[in-house]
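Presented below is the structure to which this report refers.
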Amino acid sequence: MTEQTARRPSRLFRNLNAKIASIPMILNALVIFLGGTIWTIVYSFTDSRLLPRLNFVGLDQYRRLWVTPRWLVAVENLAIYGACMLVFSLIIGFLLAALLDQKIRFEDTFRTIFLYPFALSFIVTGLVWQWILNPNFGVQHVVRSLGWTDFAFDPLYDSSIVIYGILIAALWQGTGLVMCLMLAGLRGIDEDIWKAARVDGIPTWKTYLFIIIPMMRPVLITTLVIIAAGIVKVYDLVVAQTSGGPGISSEVPAKYVYEYMFHAQNLGQGFAASTMMLLTVIIVIVPWAYLEFGRRK
Amino acid sequence: MSMANIAAPTIAVSGRDSTGPYGPKPRRMFSRRNIFLYGTLFVVAAYYLLPLYVMVVTSLKGMPEIRLGNIFSPPLEITFEPWVKAWSTACTGLNCDGLSRGFWNSVRITVPSVILSIAIASVNGYALANWRFKGADLFFTILIVGAFIPYQVMIYPIVIVLREIGLYGTIWGLVLVHSIFGMPILTLLFRNYFSSMPEELFRAARVDGAGFWGIYLRIMLPMSLPIFVVAIILQVTGIWNDFLFGVIYTKPDTYPMTVQLNNIVNSVQGVKEYNVNMAATLITGLVPLIVYFISGKLFVRGIAAGAVKG
C-alpha cells in the first residue's frame, strides 16, 4: 500500500502474505475450474470407457449422444421443464411479490411461509411431492373418495406428463426465491412514480405492466439468469421424485451424465453429455454477460 | 411523505401522535379489495404449507390408518413409532440402522466444510479487497465465471485429483469438494463486504505496524461478524441439502443424510412404510428449517447473495 518501491527485494515477494493467502483461490481457479473444464472437453473426444484414456475418435461420442433415445428424452424434458419453469416462476413470483407489496399486515409471516420451501433440499421436496401425487393415497385418491370416481391426476406414473409432476414440485420449492428478488426490485422503485401514476388516473394493473415492470429490468434479468442456471442443474429432484421413470420418461441431462460416468462405465459419453450442458450454459450466459458488462465500457 | 411510506410501518405509527394526521388515509378493514387481497394470500399460504402439514400428519399415523384414510386428514391416533423407526431401524438395502448414521455423517461433513470454506474464502476476500496484487483480479474472474459452469463438467477431474491425494470416498474429500464449490460465492461475499469498510481503518492499522494476518484477526474479523453469520447460514443449509456431491464423493458408510434418505424411501425391497418415509423426510428437512426459522431476515440476505451461485 505504501508508494516507495526502492528498497523492495523482488516483485515476487512483494505482498507475500496476500499471495500465500490466495493460493487456494489460484489453485481452485486454475486446476479445478479452468483445468477441469478443459480436461473434460478434451476427453469428450476420446473413446474412454471404464478409465479415461487419450485415444481420440473425433466427434464420435457426440454423434452417438444425439442418436441415443435416453439423451433425446432428457433434452426434450429439460426444454419443457426449463420453458415452463422460467415462465411460471417469473409470473407466480411476481404476482406474490406484488400482493405482498400492497402494504399488508403480517407481511413477514406471509414471506416466511412462501420462502420456507427454498430452505429444503430437492430430495425432501421430491419425496414429499412423490407422496402427495401418489395415485393410491394422494390427491387422486382423495378427490375420488369425495365422489368423482373417474377423476384422474396421476402425473408421476404417466410418462407423457411426468415432467409436469416434477415441475409442480420445483415451482413449490423455487417460487419463494423469485418472489424475494422481485419484492426487492419493487421496493427499489421510487414511491413518487406510484403517486404520479395515481394522479394521472392510471389503473394499478396498467401501472405495473407498463411502468413498473419495464423499470425493474435489471432485477428481472438477474432473476432470469438465476432461474436458468438452476434449470440446467436439475438432478436431485428427479432422482428423488421419479428416479427418471416411468422407464426413461423423466430423464434429465444431469442424470444422464451421472449414469454414464458412474454406472454405465462409459466415461466418453458422460464427458460429451456434460460438454453439451456446458455449451447450453454458455449460450444462455454469454448474451447476458455481454448485455450486462459489455455496455458499461 | 414518500420517506414515511418507505420506512417501516412501526415508525409511522410511533410518529403519528406527535404530528397529527400522517401517512396514507386509513382504509376500511373489510373493503372488497382487502377481502380479495387477504383471501388470495391465505389460499396461497395454505398451498405452500400443505406439504409440510402432510409430512407431519403422515409421520404421526400408523400404517393401517394410512391405507384407509386420506393423506390430508389429521391422525386419529398419534404414534411416534415411525419417528423412532426412521431414526434407528429403517433399512437402506445395505444396513438397517436408520437415519441416525446419515445424520451423524452429515454433521461430520457439514461442520468442517463450513469452517474450512469460510476460513479460506474470508482470507481470500480480504486479500482481494485490501492487499491487491497483480493478477489477483484475473484469478477472481476465473473463479466467478467458474461458478456458472455446470458441476457435471468438473466432477470427474475432481475424482481423479481426490484419488491422487488419497481422499476419494472419504469425508475429508467431500469437505474439500464443498470448499471448492463454495469458494466463488463466499469469496465474492467477503470481498464486497471488506471493500465497503472504511479505508482509513486499514491505513491506521498499517501505520501502527500491523501486518496482513494482524489486521485480519484483530480488525477485520471482529468487525464483520454479520457477514460471517450470513456465510454460515448459506453454507450450513447448502451443504446439508447437497445430494450430488455426497453420492459421488463418499461411500455407503459415509453417505450424508440426503443420500441415505433417498435410499431408504426409494429402496425397492420390502413393504413401503409411508409413515416411516415421511418421518425420515421430515427429520432430514428439520435442520435447514430450524436454521431458516431462527435466522429470518439474515437467511434472505444469505440467499440473495447465494442466489448468484445459481
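Residue numbering restarts at 1 for every chain of the C-alpha cells, chains are lettered A, B, ... in their displayed order, and ligands are numbered from 1 as they appear.
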Give me, as JSON lines, the closest atom pair and its distance (Å, one decimal) for every residue of chain B within a cut-off of 7 Å of chain A, counting only C-alpha atoms, rows sorted by chain and rising number.
{"residue": "B:Ser2", "atom": "CA", "partner": "A:Glu191", "partner_atom": "CA", "distance": 5.9}
{"residue": "B:Leu37", "atom": "CA", "partner": "A:Leu99", "partner_atom": "CA", "distance": 7.0}
{"residue": "B:Ala45", "atom": "CA", "partner": "A:Ile113", "partner_atom": "CA", "distance": 6.3}
{"residue": "B:Tyr48", "atom": "CA", "partner": "A:Phe114", "partner_atom": "CA", "distance": 6.3}
{"residue": "B:Leu49", "atom": "CA", "partner": "A:Ile113", "partner_atom": "CA", "distance": 6.9}
{"residue": "B:Pro51", "atom": "CA", "partner": "A:Val128", "partner_atom": "CA", "distance": 6.4}
{"residue": "B:Met55", "atom": "CA", "partner": "A:Val128", "partner_atom": "CA", "distance": 6.9}
{"residue": "B:Asn70", "atom": "CA", "partner": "A:Val142", "partner_atom": "CA", "distance": 5.8}
{"residue": "B:Ile71", "atom": "CA", "partner": "A:Gly138", "partner_atom": "CA", "distance": 6.1}
{"residue": "B:Val123", "atom": "CA", "partner": "A:Ala21", "partner_atom": "CA", "distance": 6.4}
{"residue": "B:Asn124", "atom": "CA", "partner": "A:Ser22", "partner_atom": "CA", "distance": 5.5}
{"residue": "B:Ala127", "atom": "CA", "partner": "A:Ala18", "partner_atom": "CA", "distance": 5.3}
{"residue": "B:Trp131", "atom": "CA", "partner": "A:Ala18", "partner_atom": "CA", "distance": 6.1}
{"residue": "B:Phe139", "atom": "CA", "partner": "A:Ile26", "partner_atom": "CA", "distance": 5.9}
{"residue": "B:Ile142", "atom": "CA", "partner": "A:Ala29", "partner_atom": "CA", "distance": 5.7}
{"residue": "B:Leu143", "atom": "CA", "partner": "A:Ala29", "partner_atom": "CA", "distance": 5.2}
{"residue": "B:Gly146", "atom": "CA", "partner": "A:Phe33", "partner_atom": "CA", "distance": 5.5}
{"residue": "B:Ile149", "atom": "CA", "partner": "A:Leu278", "partner_atom": "CA", "distance": 6.3}
{"residue": "B:Pro150", "atom": "CA", "partner": "A:Leu278", "partner_atom": "CA", "distance": 6.1}
{"residue": "B:Gln152", "atom": "CA", "partner": "A:Ser274", "partner_atom": "CA", "distance": 5.7}
{"residue": "B:Val153", "atom": "CA", "partner": "A:Ser274", "partner_atom": "CA", "distance": 5.3}
{"residue": "B:Met154", "atom": "CA", "partner": "A:Gly36", "partner_atom": "CA", "distance": 5.3}
{"residue": "B:Pro157", "atom": "CA", "partner": "A:Gly36", "partner_atom": "CA", "distance": 5.3}
{"residue": "B:Ile180", "atom": "CA", "partner": "A:Asn28", "partner_atom": "CA", "distance": 6.6}
{"residue": "B:Phe212", "atom": "CA", "partner": "A:Asn17", "partner_atom": "CA", "distance": 6.3}
{"residue": "B:Thr237", "atom": "CA", "partner": "A:Ala119", "partner_atom": "CA", "distance": 6.8}
{"residue": "B:Asn241", "atom": "CA", "partner": "A:Ser121", "partner_atom": "CA", "distance": 4.6}
{"residue": "B:Phe243", "atom": "CA", "partner": "A:Asp236", "partner_atom": "CA", "distance": 6.5}
{"residue": "B:Leu244", "atom": "CA", "partner": "A:Asp236", "partner_atom": "CA", "distance": 6.9}
{"residue": "B:Thr258", "atom": "CA", "partner": "A:Ile123", "partner_atom": "CA", "distance": 6.5}
{"residue": "B:Asn262", "atom": "CA", "partner": "A:Ala240", "partner_atom": "CA", "distance": 6.2}
{"residue": "B:Thr281", "atom": "CA", "partner": "A:Val124", "partner_atom": "CA", "distance": 5.7}
{"residue": "B:Gly285", "atom": "CA", "partner": "A:Leu120", "partner_atom": "CA", "distance": 5.8}
{"residue": "B:Pro288", "atom": "CA", "partner": "A:Ala119", "partner_atom": "CA", "distance": 5.8}
{"residue": "B:Leu289", "atom": "CA", "partner": "A:Ala119", "partner_atom": "CA", "distance": 6.2}
{"residue": "B:Tyr292", "atom": "CA", "partner": "A:Ala119", "partner_atom": "CA", "distance": 6.5}
{"residue": "B:Ala307", "atom": "CA", "partner": "A:Ile226", "partner_atom": "CA", "distance": 6.5}
{"residue": "B:Val308", "atom": "CA", "partner": "A:Ile226", "partner_atom": "CA", "distance": 6.3}
{"residue": "B:Gly310", "atom": "CA", "partner": "A:Ile226", "partner_atom": "CA", "distance": 5.0}
Applying 7 Å and only C-alpha atoms, which residues near B:Met183 remain after dropping the ones on its own chain fewer than 3 positions away? List them as a JSON list (two decimals) with N, CA and C atoms, in the first residue's frame.
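New file selection_39.json:
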[["chain", "number", "residue", "atom", "x", "y", "z"],
["B", 117, "SER", "N", -14.43, -23.80, 4.41],
["B", 117, "SER", "CA", -14.78, -22.97, 3.26],
["B", 117, "SER", "C", -14.83, -21.50, 3.66],
["B", 121, "ALA", "N", -12.32, -18.62, 2.24],
["B", 121, "ALA", "CA", -12.93, -17.56, 1.45],
["B", 121, "ALA", "C", -12.81, -16.20, 2.12],
["B", 179, "SER", "N", -15.66, -27.07, -0.14],
["B", 179, "SER", "CA", -14.88, -25.84, -0.06],
["B", 179, "SER", "C", -14.59, -25.28, -1.45],
["B", 180, "ILE", "N", -14.35, -26.19, -2.40],
["B", 180, "ILE", "CA", -14.06, -25.76, -3.77],
["B", 180, "ILE", "C", -15.27, -25.05, -4.37],
["B", 186, "LEU", "N", -18.68, -17.32, -1.75],
["B", 186, "LEU", "CA", -18.22, -16.82, -0.46],
["B", 186, "LEU", "C", -17.14, -15.77, -0.63],
["B", 187, "THR", "N", -16.23, -16.00, -1.56],
["B", 187, "THR", "CA", -15.17, -15.02, -1.80],
["B", 187, "THR", "C", -15.78, -13.69, -2.25]]
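Taking atom CA of B:Trp83 and atom CA of B:Gly98 as endpoints, the distance between them is 10.1 Å.
With only C-alpha atoms as the atoms that count, the minimum distance from B:Ser267 to the choices B:Leu94, B:Ile35, B:Met63, B:Ala279 is reached by B:Leu94.
Note that the spacing between atom CA of B:Gly214 and atom CA of B:Gly182 amounts to 25.4 Å.
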Considering only C-alpha atoms, state which residue in the set B:Ile171, B:Ser100, B:Arg191, B:Leu76 is at the smallest distance from B:Arg132.
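Going through B:Ile171, B:Ser100, B:Arg191, B:Leu76 one by one, the smallest distance to B:Arg132 is for B:Arg191.
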Would you list the contacts of B:Val236 as a PyMOL selection string, taking every protein, DNA or RNA residue within 10 Å and counting only C-alpha atoms, but skipping same-chain residues closer than 6 positions in sequence?
chain B and resi 107+110-111+113-115+287-288+291
